Every structure is written in structure tokens, then in C-alpha cells.
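> Sending over entry-v8.csv (CSV, C-alpha atoms).
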```csv
chain,number,residue,atom,x,y,z
A,1,MET,CA,-15.2,207.5,180.6
A,2,GLU,CA,-15.8,210.5,178.4
A,3,HIS,CA,-18.6,211.5,180.8
A,4,ALA,CA,-16.2,211.3,183.8
A,5,LEU,CA,-13.9,213.9,182.2
A,6,LYS,CA,-16.6,216.4,181.5
A,7,THR,CA,-18.0,216.3,185.1
A,8,GLN,CA,-14.5,216.6,186.8
A,9,GLN,CA,-14.7,219.5,189.3
A,10,PHE,CA,-11.9,221.6,190.7
A,11,GLU,CA,-11.7,222.4,194.4
A,12,ASN,CA,-12.7,226.0,195.2
A,13,LEU,CA,-10.1,227.7,197.3
A,14,THR,CA,-11.5,230.3,199.7
A,15,GLU,CA,-9.6,232.0,202.5
A,16,THR,CA,-11.4,229.8,205.0
A,17,ARG,CA,-10.5,226.6,203.1
A,18,ILE,CA,-6.8,227.7,202.9
A,19,GLU,CA,-6.8,228.4,206.6
A,20,GLN,CA,-8.3,225.0,207.3
A,21,LEU,CA,-5.7,223.3,205.1
A,22,PHE,CA,-3.0,225.2,206.8
A,23,LYS,CA,-4.2,224.1,210.3
A,24,GLU,CA,-4.6,220.5,209.1
A,25,HIS,CA,-1.4,220.0,207.2
A,26,TYR,CA,1.3,222.6,208.3
A,27,SER,CA,3.0,220.3,210.8
A,28,VAL,CA,3.0,217.2,208.5
A,29,LEU,CA,4.2,219.3,205.5
A,30,THR,CA,7.0,220.8,207.6
A,31,ALA,CA,8.2,217.3,208.6
A,32,TYR,CA,7.9,216.2,205.0
A,33,ALA,CA,10.0,219.2,203.8
A,34,ASN,CA,12.5,218.6,206.6
A,35,LYS,CA,13.2,215.1,205.1
A,36,PHE,CA,14.5,216.8,202.0
A,37,LEU,CA,16.3,219.7,203.5
A,38,SER,CA,17.4,218.6,207.0
A,39,ASP,CA,16.8,222.1,208.2
A,40,LEU,CA,13.7,222.8,210.2
A,41,ASP,CA,13.8,226.6,209.7
A,42,ASP,CA,14.1,226.3,205.9
A,43,SER,CA,11.4,223.6,206.0
A,44,ARG,CA,9.0,225.9,207.8
A,45,GLU,CA,9.7,228.7,205.5
A,46,ILE,CA,9.1,226.6,202.4
A,47,VAL,CA,5.7,225.4,203.7
A,48,GLN,CA,4.7,228.9,204.6
A,49,ASP,CA,5.7,230.1,201.1
A,50,VAL,CA,3.6,227.4,199.6
A,51,PHE,CA,0.6,228.5,201.5
A,52,VAL,CA,1.3,232.2,200.8
A,53,HIS,CA,1.5,231.3,197.1
A,54,LEU,CA,-1.7,229.3,197.3
A,55,PHE,CA,-3.5,232.2,199.1
A,56,ASP,CA,-2.2,234.8,196.6
A,57,ASN,CA,-3.2,232.8,193.6
A,58,ARG,CA,-6.4,231.1,195.1
A,59,GLU,CA,-8.6,232.3,192.3
A,60,SER,CA,-6.4,231.0,189.5
A,61,VAL,CA,-5.0,227.8,191.0
A,62,LYS,CA,-6.8,224.7,189.7
A,63,ILE,CA,-6.4,221.6,191.9
A,64,HIS,CA,-7.0,218.5,189.8
A,65,THR,CA,-6.3,216.1,192.6
A,66,SER,CA,-7.0,216.6,196.3
A,67,ALA,CA,-5.8,219.7,198.1
A,68,LYS,CA,-3.6,217.6,200.3
A,69,ALA,CA,-1.8,216.0,197.3
A,70,HIS,CA,-1.4,219.4,195.7
A,71,LEU,CA,0.2,220.7,198.8
A,72,PHE,CA,2.6,217.8,199.1
A,73,THR,CA,3.6,218.1,195.5
A,74,SER,CA,4.1,221.9,195.9
A,75,VAL,CA,6.3,221.4,199.0
A,76,ARG,CA,8.3,218.7,197.3
A,77,ASN,CA,8.9,220.9,194.2
A,78,ALA,CA,9.9,223.8,196.4
A,79,CYS,CA,12.3,221.6,198.4
A,80,LEU,CA,13.9,220.3,195.2
A,81,ASN,CA,14.3,223.9,193.9
A,82,THR,CA,15.9,224.9,197.2
A,83,ILE,CA,18.3,222.0,197.0
A,84,LYS,CA,19.2,223.0,193.5
A,85,GLN,CA,19.8,226.6,194.6
A,86,ARG,CA,22.0,225.4,197.5
A,87,LYS,CA,24.1,223.4,195.1
A,88,ASN,CA,24.4,226.3,192.7
A,89,HIS,CA,25.2,228.6,195.6
A,90,ALA,CA,27.9,226.2,196.9
A,91,THR,CA,29.4,225.9,193.4
A,92,HIS,CA,29.5,229.7,193.0
A,93,HIS,CA,31.0,230.0,196.5
A,94,GLU,CA,33.7,227.5,195.6
A,95,ASN,CA,34.4,229.2,192.3
A,96,ILE,CA,34.7,232.6,194.1
A,97,LYS,CA,37.0,231.1,196.7
A,98,TYR,CA,39.1,229.5,194.0
A,99,LEU,CA,39.3,232.7,192.0
A,100,SER,CA,40.0,234.8,195.1
A,101,SER,CA,42.8,232.5,196.2
A,102,GLY,CA,44.3,232.8,192.7
A,103,PHE,CA,44.0,236.5,192.9
A,104,SER,CA,45.4,236.5,196.4
A,105,LEU,CA,48.4,234.4,195.3
A,106,GLU,CA,48.9,236.6,192.2
A,107,ALA,CA,48.8,239.7,194.5
A,108,ASP,CA,51.2,238.0,196.8
A,109,LYS,CA,53.6,237.3,193.9
A,110,ILE,CA,53.4,240.9,192.7
A,111,LEU,CA,54.1,242.2,196.2
A,112,GLU,CA,57.0,239.8,196.6
A,113,GLN,CA,58.4,240.8,193.2
A,114,THR,CA,58.0,244.5,194.1
A,115,GLU,CA,59.7,244.1,197.4
A,116,LEU,CA,62.6,242.2,195.7
A,117,GLU,CA,63.0,244.8,193.0
A,118,TYR,CA,63.0,247.5,195.7
A,119,ALA,CA,65.7,245.7,197.7
A,120,LEU,CA,67.7,245.0,194.5
A,121,PHE,CA,67.7,248.7,193.4
A,122,LYS,CA,68.5,249.8,196.9
A,123,ALA,CA,71.4,247.4,197.0
A,124,ILE,CA,72.6,248.6,193.5
A,125,ASP,CA,72.4,252.2,194.7
A,126,GLU,CA,74.7,251.3,197.7
A,127,LEU,CA,77.4,250.0,195.4
A,128,PRO,CA,80.5,252.1,195.0
A,129,GLU,CA,79.9,254.8,192.2
A,130,GLN,CA,82.0,253.2,189.4
A,131,CYS,CA,80.9,249.7,190.2
A,132,GLN,CA,77.2,250.8,190.3
A,133,ARG,CA,77.6,252.7,187.0
A,134,ILE,CA,79.2,249.7,185.2
A,135,PHE,CA,76.7,247.3,186.6
A,136,LYS,CA,73.7,249.5,185.5
A,137,LEU,CA,75.2,249.9,182.0
A,138,ASN,CA,75.6,246.1,181.7
A,139,ARG,CA,72.6,244.6,183.4
A,140,ILE,CA,70.0,247.3,183.0
A,141,GLU,CA,70.9,249.1,179.8
A,142,GLY,CA,72.3,246.0,178.1
A,143,PHE,CA,75.7,247.2,177.0
A,144,THR,CA,78.5,244.6,176.4
A,145,ASN,CA,81.6,244.7,178.5
A,146,GLN,CA,83.6,246.0,175.6
A,147,GLU,CA,81.1,248.8,174.9
A,148,ILE,CA,81.3,249.8,178.5
A,149,ALA,CA,85.1,249.8,178.5
A,150,ASP,CA,85.2,251.9,175.3
A,151,GLN,CA,82.6,254.4,176.7
A,152,LEU,CA,84.3,254.8,180.1
A,153,GLY,CA,87.9,254.6,178.7
A,154,ILE,CA,88.8,251.6,180.9
A,155,SER,CA,90.0,248.1,180.1
A,156,LYS,CA,87.5,245.3,179.5
A,157,ARG,CA,89.1,243.4,182.4
A,158,THR,CA,88.3,246.3,184.8
A,159,VAL,CA,84.6,246.1,183.6
A,160,GLU,CA,84.5,242.4,184.2
A,161,THR,CA,86.0,242.8,187.7
A,162,GLN,CA,83.6,245.6,188.7
A,163,ILE,CA,80.6,243.5,187.5
A,164,SER,CA,81.9,240.5,189.4
A,165,LYS,CA,82.2,242.7,192.6
A,166,ALA,CA,78.7,244.0,192.1
A,167,LEU,CA,77.2,240.5,191.7
A,168,LYS,CA,79.1,239.3,194.9
A,169,SER,CA,77.8,242.3,196.9
A,170,LEU,CA,74.3,241.8,195.6
A,171,ARG,CA,74.3,238.1,196.5
A,172,ILE,CA,75.3,239.0,200.0
A,173,THR,CA,72.7,241.8,200.3
A,174,ILE,CA,69.8,240.2,198.5
A,175,GLY,CA,70.6,236.5,199.2
A,176,PRO,CA,68.8,236.3,202.6
A,177,MET,CA,65.7,237.9,201.2
A,178,LEU,CA,65.7,235.5,198.2
A,179,ALA,CA,66.0,232.6,200.6
A,180,SER,CA,63.0,233.8,202.7
A,181,LEU,CA,60.9,234.4,199.6
A,182,LEU,CA,61.7,231.0,198.4
A,183,ILE,CA,60.6,229.5,201.7
A,184,VAL,CA,57.4,231.4,201.7
A,185,TYR,CA,56.7,230.4,198.1
A,186,LEU,CA,57.4,226.7,198.9
A,187,LEU,CA,55.1,226.8,201.9
A,188,ASN,CA,52.3,228.4,199.8
A,189,ALA,CA,52.8,225.8,197.1
A,190,LEU,CA,52.3,223.0,199.7
A,191,LYS,CA,48.9,224.4,200.9
```
Could the structure of this file be written out as C-alpha cells, please?

Amino acid sequence: MEHALKTQQFENLTETRIEQLFKEHYSVLTAYANKFLSDLDDSREIVQDVFVHLFDNRESVKIHTSAKAHLFTSVRNACLNTIKQRKNHATHHENIKYLSSGFSLEADKILEQTELEYALFKAIDELPEQCQRIFKLNRIEGFTNQEIADQLGISKRTVETQISKALKSLRITIGPMLASLLIVYLLNALK
């Protein structure tokens, strides 16, 4: 048994021998690869790549079994690597789609918010001057009704009435836009 190990020979791969192997095994190896990949073009490419690798490394490749067995093993390994790459690619693609859709939804939310803010400020600017001033002091600057009344020299009840008028006007002006944004939001949530 020790003697058998010492006399083991490796097949010498010359250009002529690789060409002969290609002619003998290309079709069978392509069919074998296609069983893994179910894609004839990819299968042909893998078999060609195996032969190119064999040719480029012919001086350093040591074939311990038969050349045919070596080729089948090389094709199988290349197919398994391709399958692994496809799965990784599909996973990355799904991750990108997920992140992109999240970004898209976030961008949509920002756009909707910006549109709503624009419409709100435009509606506030269309309020009568005193109503607008009181509303801004209360809702934007944060003054209490009493502070506004003292600052403007009017009664607290007048401030409350003006704020109530402003809110009613804004509901009428902004209400339809809020309803349409709510519908769009709900439709996006159902997707």
C-alpha cells in the first residue's frame, strides 16, 4: 500500500489534452451544470470558465483522480458558487427594495407634510388681520389667551372668539386636503 502512494502519477495537462477534454466533455458538462442552474446560457458559461481556468493553470493543476472526475467536480463547485451568489444577490436586491420603499414612503410623508404646512400657512395668511395675528400669537408663538388680551388691549373673550373663528376657517380650508391625505395614507398602508 505504501508503494502505491509513492508511484501515484498526476495527469499532464497540455493544450492538446485540454482541447481533447473540451471536445469530449463540453456537452455533457453543460447538461450537468444545467441540472443545477436551470439556465442553459449560465451553464455554458460555467463550463467554459472551468476550461479557461484549467487552461490558464494547466502547469500548476494536479489532477489526483481522472480528468473527467476533476471536470465534473469543478463544474459542480462552480454551479454551487453561482447558486450561492444568486441567493446573495436576491437577498441584497430584496433589502434594497425594502430600504428604497421605506425611503420612498418617508419622502412621501415629508412631501405630504410640507404640502400640508404650506396650505396651512397660506390659509392662516388669508385670515382677517386681527384674527390672523391672535391665532399666530396663540398657536405659533405659544402665548396664553390672557397674555394676548393684555398685549393687544382687548378682552380675553375677544381672543377666544377670534381663535375659534380662525380654527373654523382653517377646518373649512384645510379639511378637504386632510381628508385626501388620510385616504392616500390609508391606501399606502394597505399595500
> Calculate how many Å separate CA of Leu21 in chain A from CA of Arg86 in chain A, rounding to one decimal.
28.8 Å
> With all atoms listed in the file as the atoms that count, which of A:Glu24, A:Glu147, A:Asp125, A:Asp39 lies nearest to Ala67 in chain A?
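Using all atoms listed in the file, the shortest distance to Ala67 in chain A belongs to A:Glu24.
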> Please identify all polymer residues within 12 Å of Thr73 in chain A, counting all atoms listed in the file, omitting same-chain residues fewer than 3 positions from it, and present them as JSON, numbers by chain.
{"A": [29, 32, 33, 47, 50, 63, 65, 66, 67, 68, 69, 70, 76, 77, 78, 79, 80]}
> Only C-alpha atoms, please: the residues just picked out, written as a compact mmCIF listing (two decimals), keeping the file's coordinate frame.

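Final output, selection_4.txt:
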```txt
# COMPACT_ATOMS: atom_id res chain seq x y z
CA LEU A 29 4.20 219.30 205.50
CA TYR A 32 7.90 216.20 205.00
CA ALA A 33 10.00 219.20 203.80
CA VAL A 47 5.70 225.40 203.70
CA VAL A 50 3.60 227.40 199.60
CA ILE A 63 -6.40 221.60 191.90
CA THR A 65 -6.30 216.10 192.60
CA SER A 66 -7.00 216.60 196.30
CA ALA A 67 -5.80 219.70 198.10
CA LYS A 68 -3.60 217.60 200.30
CA ALA A 69 -1.80 216.00 197.30
CA HIS A 70 -1.40 219.40 195.70
CA ARG A 76 8.30 218.70 197.30
CA ASN A 77 8.90 220.90 194.20
CA ALA A 78 9.90 223.80 196.40
CA CYS A 79 12.30 221.60 198.40
CA LEU A 80 13.90 220.30 195.20
```
> I'd like the interatomic distance between CA of Glu112 in chain A and CA of Ile134 in chain A, to a tenth of an Å.
26.8 Å
> With a distance cut-off of 12 Å and only C-alpha atoms, select the neighbouring residues of Arg139 in chain A, excluding the residue or stretch itself and same-chain residues fewer than 5 positions from it, and output the selection as a count of residues only.
13
> Could you check which of A:Leu120, A:Glu160, A:Gln151, A:Phe143 is closest to Ile172 in chain A, using all atoms listed in the file?
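Of the candidates, the smallest distance to Ile172 in chain A is held by A:Leu120.
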> How many Å lie between CA of Lys62 in chain A and CA of Asn12 in chain A, rounded to one decimal?
8.2 Å
> What lies within 12 Å of Ala123 in chain A using only C-alpha atoms, ignoring chain neighbours under 5 positions off, as a ChimeraX atom specification?
/A:116-118,128,131-132,135-136,166-175,177
> Out of A:Asp150, A:Glu19, A:Glu94, A:Glu126, which residue has the shortest atom-to-atom distance to Leu54 in chain A when counting all atoms listed in the file?
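Using all atoms listed in the file, Leu54 in chain A sits closest to A:Glu19.
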> Which residue gives the smallest distance to Phe72 in chain A among A:Lys165, A:His25, A:His89, A:Lys84, with all atoms listed in the file counted?
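Using all atoms listed in the file, the shortest distance to Phe72 in chain A belongs to A:His25.
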> Return the single residue from A:Leu137, A:Val75, A:Ala31, A:Leu37 that is closest to Asp49 in chain A, with distances computed using all atoms listed in the file.
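Of all the options, A:Val75 lies closest to Asp49 in chain A.
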> Pull out range 22-127 of chain A, keep C-alpha atoms, and write it as a CSV table (one decimal), in the first residue's frame.

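This is the output file result10.csv:
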```csv
chain,number,residue,atom,x,y,z
A,22,PHE,CA,-13.2,20.1,-24.1
A,23,LYS,CA,-14.4,18.3,-27.2
A,24,GLU,CA,-15.2,15.1,-25.3
A,25,HIS,CA,-17.0,16.6,-22.3
A,26,TYR,CA,-18.3,20.0,-23.0
A,27,SER,CA,-21.9,18.9,-23.9
A,28,VAL,CA,-22.2,16.5,-21.0
A,29,LEU,CA,-20.8,19.0,-18.5
A,30,THR,CA,-23.2,21.7,-19.8
A,31,ALA,CA,-26.1,19.4,-19.3
A,32,TYR,CA,-24.8,18.5,-15.8
A,33,ALA,CA,-24.5,22.2,-14.9
A,34,ASN,CA,-27.9,22.9,-16.3
A,35,LYS,CA,-29.4,20.4,-13.8
A,36,PHE,CA,-28.1,22.7,-11.0
A,37,LEU,CA,-28.9,26.1,-12.6
A,38,SER,CA,-31.8,25.5,-15.0
A,39,ASP,CA,-30.3,28.2,-17.2
A,40,LEU,CA,-28.5,26.9,-20.4
A,41,ASP,CA,-26.6,30.1,-21.0
A,42,ASP,CA,-25.2,30.2,-17.5
A,43,SER,CA,-24.4,26.5,-17.7
A,44,ARG,CA,-22.4,27.0,-20.9
A,45,GLU,CA,-20.6,30.0,-19.3
A,46,ILE,CA,-19.7,28.0,-16.2
A,47,VAL,CA,-18.3,25.1,-18.2
A,48,GLN,CA,-16.3,27.4,-20.4
A,49,ASP,CA,-15.0,29.2,-17.3
A,50,VAL,CA,-13.9,25.8,-15.9
A,51,PHE,CA,-12.0,25.0,-19.1
A,52,VAL,CA,-10.4,28.5,-19.2
A,53,HIS,CA,-9.3,28.1,-15.6
A,54,LEU,CA,-7.9,24.7,-16.4
A,55,PHE,CA,-6.0,26.1,-19.4
A,56,ASP,CA,-4.7,29.1,-17.6
A,57,ASN,CA,-3.4,27.0,-14.7
A,58,ARG,CA,-2.5,23.8,-16.6
A,59,GLU,CA,1.0,23.8,-15.3
A,60,SER,CA,0.0,24.0,-11.6
A,61,VAL,CA,-3.2,22.0,-11.6
A,62,LYS,CA,-2.7,18.5,-10.2
A,63,ILE,CA,-5.4,16.0,-11.1
A,64,HIS,CA,-5.4,13.2,-8.5
A,65,THR,CA,-8.4,11.3,-10.0
A,66,SER,CA,-9.3,11.2,-13.6
A,67,ALA,CA,-9.6,14.4,-15.7
A,68,LYS,CA,-13.3,13.7,-16.2
A,69,ALA,CA,-13.9,13.4,-12.5
A,70,HIS,CA,-11.9,16.6,-11.9
A,71,LEU,CA,-14.0,18.5,-14.5
A,72,PHE,CA,-17.3,17.3,-13.1
A,73,THR,CA,-16.2,18.3,-9.6
A,74,SER,CA,-15.1,21.7,-10.8
A,75,VAL,CA,-18.4,22.3,-12.7
A,76,ARG,CA,-20.4,21.2,-9.6
A,77,ASN,CA,-18.5,23.6,-7.3
A,78,ALA,CA,-18.8,26.5,-9.8
A,79,CYS,CA,-22.6,25.8,-10.0
A,80,LEU,CA,-22.9,25.8,-6.2
A,81,ASN,CA,-21.0,29.1,-6.0
A,82,THR,CA,-23.3,30.6,-8.6
A,83,ILE,CA,-26.3,29.5,-6.7
A,84,LYS,CA,-24.9,31.0,-3.6
A,85,GLN,CA,-24.2,34.2,-5.4
A,86,ARG,CA,-27.7,34.3,-6.8
A,87,LYS,CA,-29.2,33.9,-3.4
A,88,ASN,CA,-26.9,36.7,-2.0
A,89,HIS,CA,-27.9,38.9,-4.9
A,90,ALA,CA,-31.6,38.2,-4.4
A,91,THR,CA,-31.2,38.9,-0.7
A,92,HIS,CA,-29.4,42.2,-1.4
A,93,HIS,CA,-32.0,43.1,-4.1
A,94,GLU,CA,-34.8,42.5,-1.6
A,95,ASN,CA,-33.0,44.5,1.1
A,96,ILE,CA,-32.5,47.4,-1.4
A,97,LYS,CA,-36.2,47.2,-2.4
A,98,TYR,CA,-37.3,47.3,1.2
A,99,LEU,CA,-35.0,50.2,2.1
A,100,SER,CA,-35.9,52.1,-1.0
A,101,SER,CA,-39.6,51.6,-0.4
A,102,GLY,CA,-39.0,52.8,3.2
A,103,PHE,CA,-37.2,55.8,1.9
A,104,SER,CA,-39.9,56.4,-0.7
A,105,LEU,CA,-42.6,56.3,2.0
A,106,GLU,CA,-40.5,58.6,4.2
A,107,ALA,CA,-40.0,61.0,1.3
A,108,ASP,CA,-43.8,60.8,0.5
A,109,LYS,CA,-44.6,61.6,4.2
A,110,ILE,CA,-42.2,64.6,4.1
A,111,LEU,CA,-43.8,65.8,0.9
A,112,GLU,CA,-47.3,65.5,2.3
A,113,GLN,CA,-46.3,67.2,5.5
A,114,THR,CA,-44.6,70.1,3.5
A,115,GLU,CA,-47.7,70.4,1.3
A,116,LEU,CA,-50.0,70.5,4.4
A,117,GLU,CA,-47.8,73.1,6.2
A,118,TYR,CA,-47.8,75.2,3.0
A,119,ALA,CA,-51.6,75.0,2.8
A,120,LEU,CA,-52.0,75.7,6.5
A,121,PHE,CA,-49.7,78.8,6.4
A,122,LYS,CA,-51.4,80.0,3.3
A,123,ALA,CA,-54.8,79.6,5.0
A,124,ILE,CA,-53.6,81.5,8.1
A,125,ASP,CA,-52.4,84.3,5.9
A,126,GLU,CA,-55.8,84.6,4.3
A,127,LEU,CA,-57.5,85.1,7.7
```
